[in-house]
$ cat start11.cif   # mmCIF, C-alpha atoms
data_data
#
loop_
_atom_site.label_atom_id
_atom_site.label_comp_id
_atom_site.auth_asym_id
_atom_site.auth_seq_id
_atom_site.Cartn_x
_atom_site.Cartn_y
_atom_site.Cartn_z
CA MET S 1 0.00 0.00 0.00
CA SER S 2 1.29 3.37 -0.89
CA ARG S 3 2.05 5.78 1.87
CA HIS S 4 2.38 8.64 -0.54
CA PRO S 5 -0.38 8.60 -3.17
CA ALA S 6 -0.71 11.32 -5.81
CA PRO S 7 -3.17 14.05 -4.78
CA GLU S 8 -6.70 13.38 -5.96
CA GLU S 9 -6.95 16.58 -7.97
CA LEU S 10 -3.92 15.45 -9.96
CA LEU S 11 -5.59 12.08 -10.59
CA LEU S 12 -8.59 14.01 -11.94
CA ASP S 13 -6.31 16.05 -14.22
CA TYR S 14 -4.85 12.76 -15.43
CA ALA S 15 -8.15 10.95 -15.94
CA ALA S 16 -9.56 13.95 -17.79
CA GLY S 17 -6.58 13.93 -20.15
CA ALA S 18 -5.58 17.45 -19.13
CA LEU S 19 -1.96 16.90 -18.17
CA PRO S 20 1.02 17.58 -20.44
CA ALA S 21 2.90 14.46 -21.54
CA GLY S 22 5.57 14.52 -18.78
CA PRO S 23 3.32 14.88 -15.73
CA SER S 24 0.82 12.52 -17.36
CA LEU S 25 3.50 9.83 -17.68
CA ALA S 26 4.53 10.33 -14.02
CA VAL S 27 0.94 9.84 -12.89
CA ALA S 28 0.51 6.85 -15.23
CA LEU S 29 3.51 5.14 -13.63
CA HIS S 30 2.20 5.83 -10.14
CA VAL S 31 -1.24 4.54 -11.10
CA ALA S 32 0.31 1.39 -12.58
CA LEU S 33 2.07 0.69 -9.27
CA ASP S 34 -0.51 1.85 -6.73
CA PRO S 35 -3.78 -0.10 -6.44
CA GLN S 36 -5.56 2.62 -4.47
CA SER S 37 -4.85 5.36 -6.95
CA ARG S 38 -5.76 2.92 -9.72
CA ARG S 39 -9.16 2.48 -8.13
CA THR S 40 -9.62 6.23 -7.96
CA VAL S 41 -8.69 6.60 -11.62
CA ASP S 42 -11.01 3.69 -12.52
CA ARG S 43 -13.83 5.55 -10.78
CA LEU S 44 -12.96 8.78 -12.57
CA ASN S 45 -12.91 6.98 -15.90
CA ALA S 46 -16.37 5.64 -15.07
CA LEU S 47 -17.45 9.22 -14.50
CA GLY S 48 -16.09 10.03 -17.96
CA GLY S 49 -18.07 7.08 -19.33
CA ALA S 50 -21.22 8.35 -17.64
CA LEU S 51 -20.68 11.81 -19.13
CA ILE S 52 -20.40 10.29 -22.60
CA GLU S 53 -23.45 8.09 -22.08
CA ARG S 54 -25.41 11.11 -20.89
CA GLU S 55 -24.76 13.11 -24.06
CA PRO S 56 -27.98 13.90 -25.86
CA VAL S 57 -27.77 12.68 -29.42
CA PRO S 58 -28.92 15.24 -31.97
CA GLN S 59 -32.05 14.17 -33.82
CA VAL S 60 -30.95 15.95 -36.96
CA ASP S 61 -27.87 15.11 -38.98
CA SER S 62 -24.98 14.33 -36.65
CA GLY S 63 -22.57 13.78 -39.50
CA LEU S 64 -22.36 10.17 -38.35
CA ASP S 65 -25.12 8.63 -40.42
CA ASP S 66 -25.21 5.31 -42.26
CA ALA S 67 -22.93 6.67 -44.98
CA ALA S 68 -20.30 7.52 -42.37
CA LEU S 69 -20.74 4.09 -40.83
CA ASP S 70 -20.26 2.47 -44.24
CA ARG S 71 -17.04 4.39 -44.79
CA VAL S 72 -15.74 3.26 -41.40
CA LEU S 73 -16.85 -0.34 -42.02
CA ALA S 74 -14.96 -0.25 -45.32
CA ARG S 75 -11.79 0.68 -43.44
CA LEU S 76 -12.10 -2.19 -40.96
CA GLY S 77 -10.84 -4.66 -43.55
CA GLU S 78 -7.35 -3.22 -43.02
CA VAL S 79 -7.64 -3.13 -39.24
CA PRO S 80 -6.97 -6.44 -37.54
CA VAL S 81 -8.67 -7.29 -34.25
CA GLU S 82 -5.56 -7.63 -32.12
CA ALA S 83 -5.06 -10.55 -29.78
CA ARG S 84 -5.23 -9.81 -26.09
CA PRO S 85 -1.72 -9.04 -24.82
CA ALA S 86 -0.32 -11.76 -22.57
CA PRO S 87 0.20 -10.75 -18.95
CA GLY S 88 3.72 -9.46 -18.41
CA ALA S 89 4.37 -9.26 -22.14
CA ARG S 90 5.09 -5.58 -21.88
CA ARG S 91 8.09 -5.83 -19.58
CA HIS S 92 11.29 -4.36 -20.94
CA LYS S 93 14.17 -6.83 -21.11
CA ALA S 94 16.99 -4.58 -19.90
CA PHE S 95 14.92 -2.34 -17.65
CA ASP S 96 12.76 -4.94 -15.92
CA TRP S 97 11.73 -2.44 -13.24
CA ALA S 98 9.91 -0.31 -15.80
CA PRO S 99 6.10 -0.36 -15.48
CA ALA S 100 4.19 -0.89 -18.74
CA PRO S 101 3.42 2.81 -19.47
CA LEU S 102 7.15 3.59 -19.46
CA VAL S 103 8.16 0.84 -21.89
CA PRO S 104 7.20 2.64 -25.13
CA HIS S 105 9.49 5.51 -24.10
CA LEU S 106 12.55 3.32 -23.61
CA ARG S 107 14.32 3.36 -26.93
CA PRO S 108 16.95 0.84 -28.02
CA GLY S 109 20.45 1.84 -26.94
CA MET S 110 19.24 4.05 -24.13
CA ASP S 111 21.56 3.85 -21.17
CA TRP S 112 22.46 5.52 -17.91
CA ARG S 113 24.69 8.57 -18.05
CA ARG S 114 26.78 9.55 -15.02
CA VAL S 115 26.03 13.08 -13.80
CA LEU S 116 28.30 15.07 -11.47
CA GLY S 117 29.88 11.79 -10.38
CA GLN S 118 26.90 11.29 -8.07
CA PHE S 119 23.99 9.71 -9.85
CA ASP S 120 22.89 8.25 -13.17
CA GLU S 121 20.35 9.78 -15.48
CA ILE S 122 18.36 8.92 -18.59
CA ARG S 123 16.62 11.89 -20.15
CA LEU S 124 13.33 11.10 -21.84
CA ASP S 125 12.20 13.12 -24.78
CA LEU S 126 8.46 13.57 -24.83
CA PRO S 127 7.55 15.46 -27.99
CA GLY S 128 5.50 18.56 -27.45
CA ASP S 129 6.25 18.86 -23.75
CA PHE S 130 8.64 21.36 -22.23
CA HIS S 131 8.97 19.54 -18.92
CA ARG S 132 12.27 18.00 -18.08
CA VAL S 133 11.60 14.29 -17.72
CA SER S 134 14.36 12.08 -16.33
CA LEU S 135 14.93 8.68 -14.88
CA LEU S 136 17.40 8.95 -12.02
CA ARG S 137 19.33 6.13 -10.38
CA LEU S 138 20.97 6.55 -6.98
CA GLU S 139 23.14 3.96 -5.22
CA ALA S 140 22.19 3.23 -1.60
CA GLY S 141 23.26 6.03 0.70
CA ARG S 142 23.93 8.44 -2.15
CA GLY S 143 22.04 11.67 -2.47
CA LEU S 144 21.14 14.27 -5.00
CA PRO S 145 22.69 17.67 -4.52
CA GLU S 146 20.45 19.94 -2.52
CA HIS S 147 18.32 21.75 -4.99
CA LYS S 148 15.18 23.71 -5.55
CA HIS S 149 13.10 24.64 -8.52
CA ALA S 150 11.13 27.59 -9.64
CA GLY S 151 8.30 25.29 -10.71
CA TYR S 152 6.81 22.11 -9.34
CA GLU S 153 8.45 18.72 -9.34
CA TYR S 154 6.80 15.29 -9.53
CA THR S 155 8.66 12.17 -8.44
CA VAL S 156 7.52 8.57 -8.69
CA VAL S 157 9.66 5.77 -7.26
CA LEU S 158 10.14 2.74 -9.55
CA GLN S 159 12.68 0.70 -7.59
CA GLY S 160 14.18 0.90 -4.08
CA GLY S 161 13.37 3.98 -2.07
CA TYR S 162 14.62 7.30 -0.75
CA THR S 163 14.23 9.50 2.27
CA ASP S 164 14.23 13.26 2.55
CA ALA S 165 12.96 15.82 5.07
CA THR S 166 9.36 15.13 4.01
CA GLY S 167 9.44 11.38 4.59
CA ASN S 168 10.34 7.98 3.22
CA TYR S 169 9.28 6.98 -0.27
CA GLY S 170 9.06 3.44 -1.66
CA VAL S 171 8.05 1.84 -4.95
CA GLY S 172 4.93 3.46 -6.36
CA ASP S 173 5.05 6.45 -4.05
CA PHE S 174 4.44 9.84 -5.57
CA ALA S 175 5.90 13.11 -4.35
CA VAL S 176 4.83 16.58 -5.38
CA GLY S 177 7.64 18.99 -4.65
CA PRO S 178 6.56 22.52 -4.08
CA GLY S 179 9.44 23.79 -6.14
CA SER S 180 10.69 26.43 -3.76
CA VAL S 181 11.32 23.97 -0.91
CA ARG S 182 14.91 22.78 -0.62
CA HIS S 183 15.28 19.07 -0.28
CA GLU S 184 18.05 16.54 -0.28
CA PRO S 185 16.87 13.01 -1.06
CA ILE S 186 19.10 10.10 0.04
CA ALA S 187 18.66 6.61 -1.41
CA ASP S 188 17.65 3.93 1.10
CA PRO S 189 19.83 0.86 1.81
CA GLY S 190 19.42 -2.05 -0.59
CA GLU S 191 19.07 -1.99 -4.34
CA PRO S 192 19.64 1.34 -6.11
CA CYS S 193 16.75 3.77 -6.03
CA ILE S 194 15.28 4.45 -9.45
CA ALA S 195 12.74 7.21 -9.85
CA MET S 196 11.19 9.24 -12.60
CA ILE S 197 11.33 12.96 -11.99
CA VAL S 198 9.36 15.54 -13.92
CA VAL S 199 10.35 19.12 -13.38
CA GLU S 200 8.70 22.20 -14.65
CA GLN S 201 11.58 24.10 -16.15
CA PRO S 202 13.67 25.62 -13.37
CA ILE S 203 13.55 29.11 -14.76
CA VAL S 204 10.05 30.20 -15.53
CA LEU S 205 9.61 33.45 -17.35
CA THR S 206 6.25 35.10 -17.11
CA GLY S 207 4.57 37.53 -19.45
CA PRO S 208 3.56 37.14 -23.07
CA TRP S 209 6.92 35.80 -24.29
CA GLY S 210 7.58 33.39 -21.44
CA ARG S 211 5.72 30.53 -23.01
CA TRP S 212 7.92 30.66 -26.08
CA LEU S 213 11.21 31.41 -24.36
CA ASN S 214 11.05 28.84 -21.55
CA PRO S 215 11.88 25.86 -23.79
CA LEU S 216 14.97 27.74 -24.98
CA VAL S 217 16.05 28.72 -21.48
CA SER S 218 15.91 25.11 -20.46
CA ARG S 219 18.43 24.02 -23.10
CA GLY S 220 21.28 25.58 -21.15
CA LEU S 221 20.70 23.54 -18.01
CA ILE S 222 22.38 20.34 -16.93
CA MET H 223 -30.73 2.55 -26.21
CA LEU H 224 -28.06 0.09 -25.31
CA SER H 225 -27.63 -1.35 -21.83
CA ALA H 226 -24.18 -1.78 -20.31
CA ASP H 227 -24.50 -5.56 -20.66
CA GLU H 228 -25.58 -5.35 -24.28
CA ALA H 229 -22.70 -3.03 -25.11
CA ALA H 230 -20.24 -5.41 -23.42
CA ASP H 231 -21.72 -8.34 -25.39
CA LEU H 232 -21.18 -6.42 -28.62
CA ILE H 233 -17.52 -5.71 -27.84
CA GLU H 234 -16.99 -9.37 -27.01
CA ALA H 235 -18.64 -10.35 -30.29
CA ILE H 236 -16.01 -8.28 -32.10
CA ALA H 237 -13.26 -9.91 -30.08
CA THR H 238 -14.40 -13.49 -30.64
CA ARG H 239 -15.72 -13.41 -34.22
CA GLN H 240 -14.97 -9.98 -35.71
CA ASP H 241 -18.67 -9.29 -35.81
CA ARG H 242 -19.27 -6.29 -38.06
CA ALA H 243 -22.96 -6.03 -37.19
CA ALA H 244 -21.95 -5.72 -33.54
CA PHE H 245 -19.53 -2.98 -34.53
CA ALA H 246 -22.29 -1.17 -36.41
CA SER H 247 -24.53 -1.22 -33.33
CA LEU H 248 -21.74 0.17 -31.15
CA PHE H 249 -20.97 2.81 -33.74
CA ARG H 250 -24.58 3.97 -33.98
CA HIS H 251 -24.84 4.26 -30.23
CA PHE H 252 -21.48 5.68 -29.27
CA ALA H 253 -20.06 7.62 -32.22
CA PRO H 254 -22.56 10.52 -32.02
CA ARG H 255 -22.17 10.66 -28.24
CA VAL H 256 -18.39 10.75 -28.40
CA LYS H 257 -18.62 13.45 -31.04
CA ALA H 258 -20.95 15.54 -28.88
CA PHE H 259 -18.69 15.01 -25.88
CA ILE H 260 -15.59 16.16 -27.77
CA MET H 261 -17.40 19.20 -29.16
CA ARG H 262 -18.21 20.41 -25.66
CA GLY H 263 -14.53 21.14 -25.23
CA GLY H 264 -14.67 23.57 -28.14
CA ALA H 265 -13.48 21.25 -30.93
CA ASP H 266 -15.07 21.90 -34.30
CA ALA H 267 -17.53 19.38 -35.72
CA GLU H 268 -15.08 17.97 -38.23
CA ALA H 269 -12.33 17.35 -35.67
CA ALA H 270 -14.82 15.87 -33.19
CA GLN H 271 -16.17 13.53 -35.84
CA GLU H 272 -12.65 12.44 -36.72
CA VAL H 273 -11.91 11.68 -33.06
CA ALA H 274 -15.19 9.77 -32.70
CA GLN H 275 -14.50 7.63 -35.78
CA GLU H 276 -10.92 6.94 -34.76
CA ALA H 277 -12.10 5.98 -31.28
CA LEU H 278 -14.61 3.47 -32.66
CA ILE H 279 -11.99 1.97 -34.97
CA MET H 280 -9.79 1.55 -31.90
CA VAL H 281 -12.66 -0.30 -30.22
CA TRP H 282 -12.51 -2.76 -33.11
CA ARG H 283 -8.72 -3.14 -32.89
CA LYS H 284 -8.53 -3.52 -29.14
CA ALA H 285 -11.79 -5.39 -28.52
CA ALA H 286 -9.92 -8.43 -27.17
CA SER H 287 -8.38 -6.26 -24.43
CA PHE H 288 -11.78 -5.22 -23.11
CA ASP H 289 -12.58 -6.81 -19.75
CA ARG H 290 -16.18 -6.42 -18.65
CA THR H 291 -15.29 -7.27 -15.07
CA ARG H 292 -13.12 -4.16 -14.87
CA ALA H 293 -14.99 -1.47 -16.74
CA SER H 294 -18.25 -0.81 -18.51
CA ALA H 295 -18.23 -0.33 -22.27
CA ALA H 296 -18.86 3.41 -21.84
CA THR H 297 -15.96 3.72 -19.41
CA TRP H 298 -13.63 1.87 -21.73
CA LEU H 299 -14.77 3.97 -24.64
CA TYR H 300 -14.20 7.11 -22.62
CA THR H 301 -10.53 6.19 -22.05
CA ILE H 302 -10.09 5.48 -25.75
CA ALA H 303 -11.79 8.72 -26.82
CA ARG H 304 -9.76 10.70 -24.30
CA ASN H 305 -6.51 9.31 -25.68
CA LYS H 306 -7.63 9.93 -29.25
CA ARG H 307 -8.42 13.50 -28.30
CA ILE H 308 -4.94 13.92 -26.82
CA ASP H 309 -3.47 12.34 -29.95
CA HIS H 310 -5.42 14.69 -32.12
CA LEU H 311 -4.40 17.80 -30.17
CA ARG H 312 -0.75 16.84 -30.30
CA ARG H 313 -0.83 15.81 -33.93
CA ASN H 314 -1.65 19.38 -34.84
CA ASN H 315 1.96 20.41 -34.21
CA ARG H 316 3.79 17.17 -33.56
CA PRO H 317 4.11 13.58 -34.64
CA ALA H 318 1.68 11.43 -32.71
CA ILE H 319 2.74 9.72 -29.54
CA ASP H 320 1.52 6.17 -29.24
CA THR H 321 -0.96 7.05 -26.52
CA GLU H 322 -2.97 3.96 -27.26
CA ASP H 323 -0.44 2.10 -25.17
CA TRP H 324 -1.90 3.79 -22.14
CA LEU H 325 -4.92 1.58 -22.50
CA THR H 326 -2.93 -1.33 -21.22
CA VAL H 327 -2.26 0.45 -17.95
CA PHE H 328 -5.56 -0.95 -16.86
CA ALA H 329 -5.13 -4.32 -18.47
CA PRO H 330 -5.42 -7.29 -16.13
CA GLU H 331 -1.66 -7.63 -15.87
CA ASP H 332 -2.22 -6.74 -12.25
CA ALA H 333 -5.20 -8.94 -11.62
CA ASP H 334 -4.22 -9.05 -7.92
CA ALA H 335 -6.40 -6.76 -5.96
CA ASP H 336 -9.12 -4.85 -7.53
CA LYS H 337 -11.25 -6.56 -10.06
CA SER H 338 -14.91 -5.68 -9.94
CA VAL H 339 -14.40 -2.04 -9.07
CA LEU H 340 -16.51 -0.82 -11.89
CA ALA H 341 -18.24 -3.65 -13.58
CA GLY H 342 -21.28 -2.84 -15.65
CA GLN H 343 -23.84 -3.01 -12.89
CA THR H 344 -22.20 -0.27 -10.85
CA TYR H 345 -22.12 1.96 -13.86
CA THR H 346 -25.72 3.05 -13.39
CA ARG H 347 -24.71 4.31 -9.97
CA VAL H 348 -22.21 6.66 -11.55
CA LYS H 349 -25.00 8.07 -13.66
CA GLU H 350 -27.12 8.56 -10.54
CA LEU H 351 -24.17 10.19 -8.85
CA LEU H 352 -23.86 12.82 -11.54
CA GLY H 353 -27.31 14.01 -10.59
CA GLY H 354 -26.31 14.02 -6.93
CA LEU H 355 -23.32 16.32 -7.23
CA SER H 356 -23.78 19.94 -6.19
CA ALA H 357 -23.70 22.54 -8.95
CA ASP H 358 -20.36 23.78 -7.58
CA GLN H 359 -18.82 20.33 -7.79
CA LEU H 360 -20.34 19.53 -11.17
CA VAL H 361 -18.96 22.65 -12.84
CA VAL H 362 -15.42 21.67 -11.83
CA ILE H 363 -15.86 18.05 -12.93
CA GLU H 364 -17.36 19.06 -16.26
CA LYS H 365 -14.67 21.61 -16.99
CA ALA H 366 -12.04 18.95 -16.35
CA PHE H 367 -13.64 16.28 -18.53
CA PHE H 368 -15.12 18.37 -21.32
CA GLU H 369 -12.50 21.07 -21.65
CA ASP H 370 -9.53 18.98 -20.50
CA LYS H 371 -8.36 21.69 -18.16
CA THR H 372 -6.23 21.07 -15.08
CA HIS H 373 -7.56 22.02 -11.67
CA THR H 374 -5.08 24.91 -11.62
CA VAL H 375 -6.48 26.35 -14.84
CA ILE H 376 -10.04 25.76 -13.65
CA ALA H 377 -9.33 27.73 -10.46
CA GLU H 378 -7.99 30.63 -12.55
CA GLU H 379 -10.97 30.60 -14.88
CA LEU H 380 -13.52 30.45 -12.09
CA LYS H 381 -11.53 33.05 -10.13
CA LEU H 382 -11.49 30.75 -7.13
CA PRO H 383 -8.68 29.98 -4.69
CA LEU H 384 -6.88 26.76 -5.60
CA GLY H 385 -7.80 25.29 -2.22
CA THR H 386 -11.51 25.77 -2.94
CA VAL H 387 -11.26 23.91 -6.23
CA LYS H 388 -9.26 21.10 -4.62
CA SER H 389 -11.83 20.67 -1.86
CA ARG H 390 -14.67 20.56 -4.41
CA ILE H 391 -12.82 17.86 -6.31
CA ARG H 392 -12.22 15.85 -3.15
CA LEU H 393 -15.85 16.15 -2.09
CA ALA H 394 -17.00 15.00 -5.52
CA LEU H 395 -14.58 12.06 -5.42
CA GLY H 396 -15.77 11.17 -1.93
CA ARG H 397 -19.33 10.97 -3.22
CA LEU H 398 -18.17 8.90 -6.17
CA ARG H 399 -16.41 6.48 -3.83
CA ASP H 400 -19.42 6.19 -1.51
CA ALA H 401 -21.79 5.62 -4.41
CA LEU H 402 -19.65 2.90 -5.95
CA GLU H 403 -18.50 1.07 -2.87
CA LYS H 404 -22.02 0.13 -1.92
CA ASP H 405 -21.70 -2.41 -4.70
CA GLU H 406 -18.26 -3.67 -3.90
CA PRO H 407 -17.79 -6.94 -2.07
#
$ encode --input "start11.cif" --output "structure tokens"
Amino acid sequence: MSRHPAPEELLLDYAAGALPAGPSLAVALHVALDPQSRRTVDRLNALGGALIEREPVPQVDSGLDDAALDRVLARLGEVPVEARPAPGARRHKAFDWAPAPLVPHLRPGMDWRRVLGQFDEIRLDLPGDFHRVSLLRLEAGRGLPEHKHAGYEYTVVLQGGYTDATGNYGVGDFAVGPGSVRHEPIADPGEPCIAMIVVEQPIVLTGPWGRWLNPLVSRGLI
Amino acid sequence: MLSADEAADLIEAIATRQDRAAFASLFRHFAPRVKAFIMRGGADAEAAQEVAQEALIMVWRKAASFDRTRASAATWLYTIARNKRIDHLRRNNRPAIDTEDWLTVFAPEDADADKSVLAGQTYTRVKELLGGLSADQLVVIEKAFFEDKTHTVIAEELKLPLGTVKSRIRLALGRLRDALEKDEP
């Protein structure tokens, strides 16, 4: 059971499809590992289903008449009905700790890169998202440099665990860092701690140009 | 109309024998509803129709992954339509991400704990619940689902403190939990 679930309002953002790719992936990994949050998301999805079912259907032309149906039926010949995926089939061979939603993002040849002599990192590139999305690996007892961010930070633990001033985090746990709080996570004893961290870019410009400049500002950072 | 059980039977008919008549019934029922749902978020009719058609084609492709003990047909269709909407929004400037993989997050790979959460029979309770939410709660829920806005953006738009929006969401989720857990073993 998770001691640190994602906040419910973030699960709503996720279930509604409102999150950018990086935060959405972080929540997806948490949900894959945490049965309680999965139940909450299942309920929220049911709410989405009820909202669809409740839609009044226009009596006049909806654009989806029999002709539209025929066109779609004609396309089905090229669309196979896929077999049900076997349980566990979606595990990654090299990164066996990766939950299913992460696997499509792990490209061949991806490997850990040593950073500052202290920890290992794999940067993930999520097209269309300006968040910095990284997998971090920390040996037991090792820490990240003390840091803070201008924006928020989401962390989800995928293997091992870590401890900082706010508590102890194990597999599946989700942490929302209010960016301005300094923290210094230390990996727990045992196997290395692996976590995905999603950071809103450290320097956030405001005003009309900020949205366009922030992705450029971020390029200069570690 | 189509009951939750009938809709589930139709999806299973696609999975077991590629039943095109079953697909046609699902299409007639769900495609206009998905289109209307997507249009509420401000999408134009053409884009919404595209998303609805793509979503139904995905129902065909993934029918074998549907598990009626875990979700109603409408719930499953919602997750597909949501991902197609995300795909569509991103495709406007970017190559598509394979969001369809997210569907398997809820696949029975983790059959351990929580089957039965939202099987078809509890689905009617969700519909009842929608009527039971306060207007304040409903406006937040609808903005999230229809307009795919985060709670932070919703708070800005409604000119409400973030804490107020969060507590409305938590109250609404509490009601959702109460309504559904009556049915759980």
$ closest_atom_pairs --input "start11.cif" --of "chain S" --to "chain H" --cutoff "6 Å" --atoms "only C-alpha atoms" --output "CSV"
residue,atom,partner,partner_atom,distance
S:Asp13,CA,H:Thr372,CA,5.1
S:Ala16,CA,H:Phe367,CA,4.8
S:Gly17,CA,H:Asp370,CA,5.9
S:Ala18,CA,H:Asp370,CA,4.5
S:Asn45,CA,H:Thr297,CA,5.7
S:Ala46,CA,H:Thr297,CA,4.8
S:Gly48,CA,H:Tyr300,CA,5.8
S:Gly49,CA,H:Thr297,CA,4.0
S:Ala50,CA,H:Lys349,CA,5.5
S:Ile52,CA,H:Arg255,CA,5.9
S:Glu55,CA,H:Arg255,CA,5.5
S:Pro80,CA,H:Arg283,CA,6.0
S:Val81,CA,H:Arg283,CA,4.4
S:Glu82,CA,H:Arg283,CA,5.5
S:Ala83,CA,H:Ala286,CA,5.9
S:Arg84,CA,H:Ala286,CA,5.0
S:Pro87,CA,H:Glu331,CA,4.8
$ atom_distance --input "start11.cif" --atom1 "CA of Gly354 (chain H)" --atom2 "CA of Ser225 (chain H)"
21.4 Å
$ closest_residue --input "start11.cif" --among "S:Leu76, S:Val41, S:Val133, S:Met110" --to "Glu200 (chain S)" --atoms "all atoms listed in the file"
S:Val133
$ atom_distance --input "start11.cif" --atom1 "CA of Gly160 (chain S)" --atom2 "CA of Phe130 (chain S)"
27.9 Å
$ closest_residue --input "start11.cif" --among "S:Ala6, S:Leu116, S:Gln36, S:Tyr154" --to "His131 (chain S)" --atoms "all atoms listed in the file"
S:Tyr154
$ resolve_selection --input "start11.cif" --expression "the PyMOL selection byres ((chain S and resi 162) around 8)" --output "list in words"
Gly160, Gly161, Thr163, Asp164, Asn168, Tyr169, Gly170, Pro185, Ile186, Ala187, Asp188 and Cys193 of chain S
$ write_last_selection --input "start11.cif" --atoms "C-alpha atoms" --output "CSV table (one decimal), in the frame of the given file"
chain,number,residue,atom,x,y,z
S,160,GLY,CA,14.2,0.9,-4.1
S,161,GLY,CA,13.4,4.0,-2.1
S,163,THR,CA,14.2,9.5,2.3
S,164,ASP,CA,14.2,13.3,2.6
S,168,ASN,CA,10.3,8.0,3.2
S,169,TYR,CA,9.3,7.0,-0.3
S,170,GLY,CA,9.1,3.4,-1.7
S,185,PRO,CA,16.9,13.0,-1.1
S,186,ILE,CA,19.1,10.1,0.0
S,187,ALA,CA,18.7,6.6,-1.4
S,188,ASP,CA,17.6,3.9,1.1
S,193,CYS,CA,16.8,3.8,-6.0
$ residues_around --input "start11.cif" --residues "Ala26 (chain S)" --least-positions-apart "6" --cutoff "12 Å" --atoms "all atoms listed in the file" --output "PyMOL selection string"
chain S and resi 6+10-11+14+19-20+32-33+99+101-102+124+126+131-135+153-158+172-176+195-199
$ resolve_selection --input "start11.cif" --expression "the PyMOL selection byres ((chain S and resi 192) around 7)" --output "list in words"
Arg137, Leu138, Glu139, Ala140, Gly160, Gly190, Glu191, Cys193 and Ile194 of chain S
$ atom_distance --input "start11.cif" --atom1 "CA of Gln118 (chain S)" --atom2 "CA of Leu144 (chain S)"
7.2 Å
$ axis_aligned_box --input "start11.cif" --around "region 3-10 of chain S" --padding-each-side "4 Å" --output "lines of an AutoDock Vina configuration file"
center_x = -2.3
center_y = 11.2
center_z = -4.0
size_x = 17.3
size_y = 18.8
size_z = 19.8
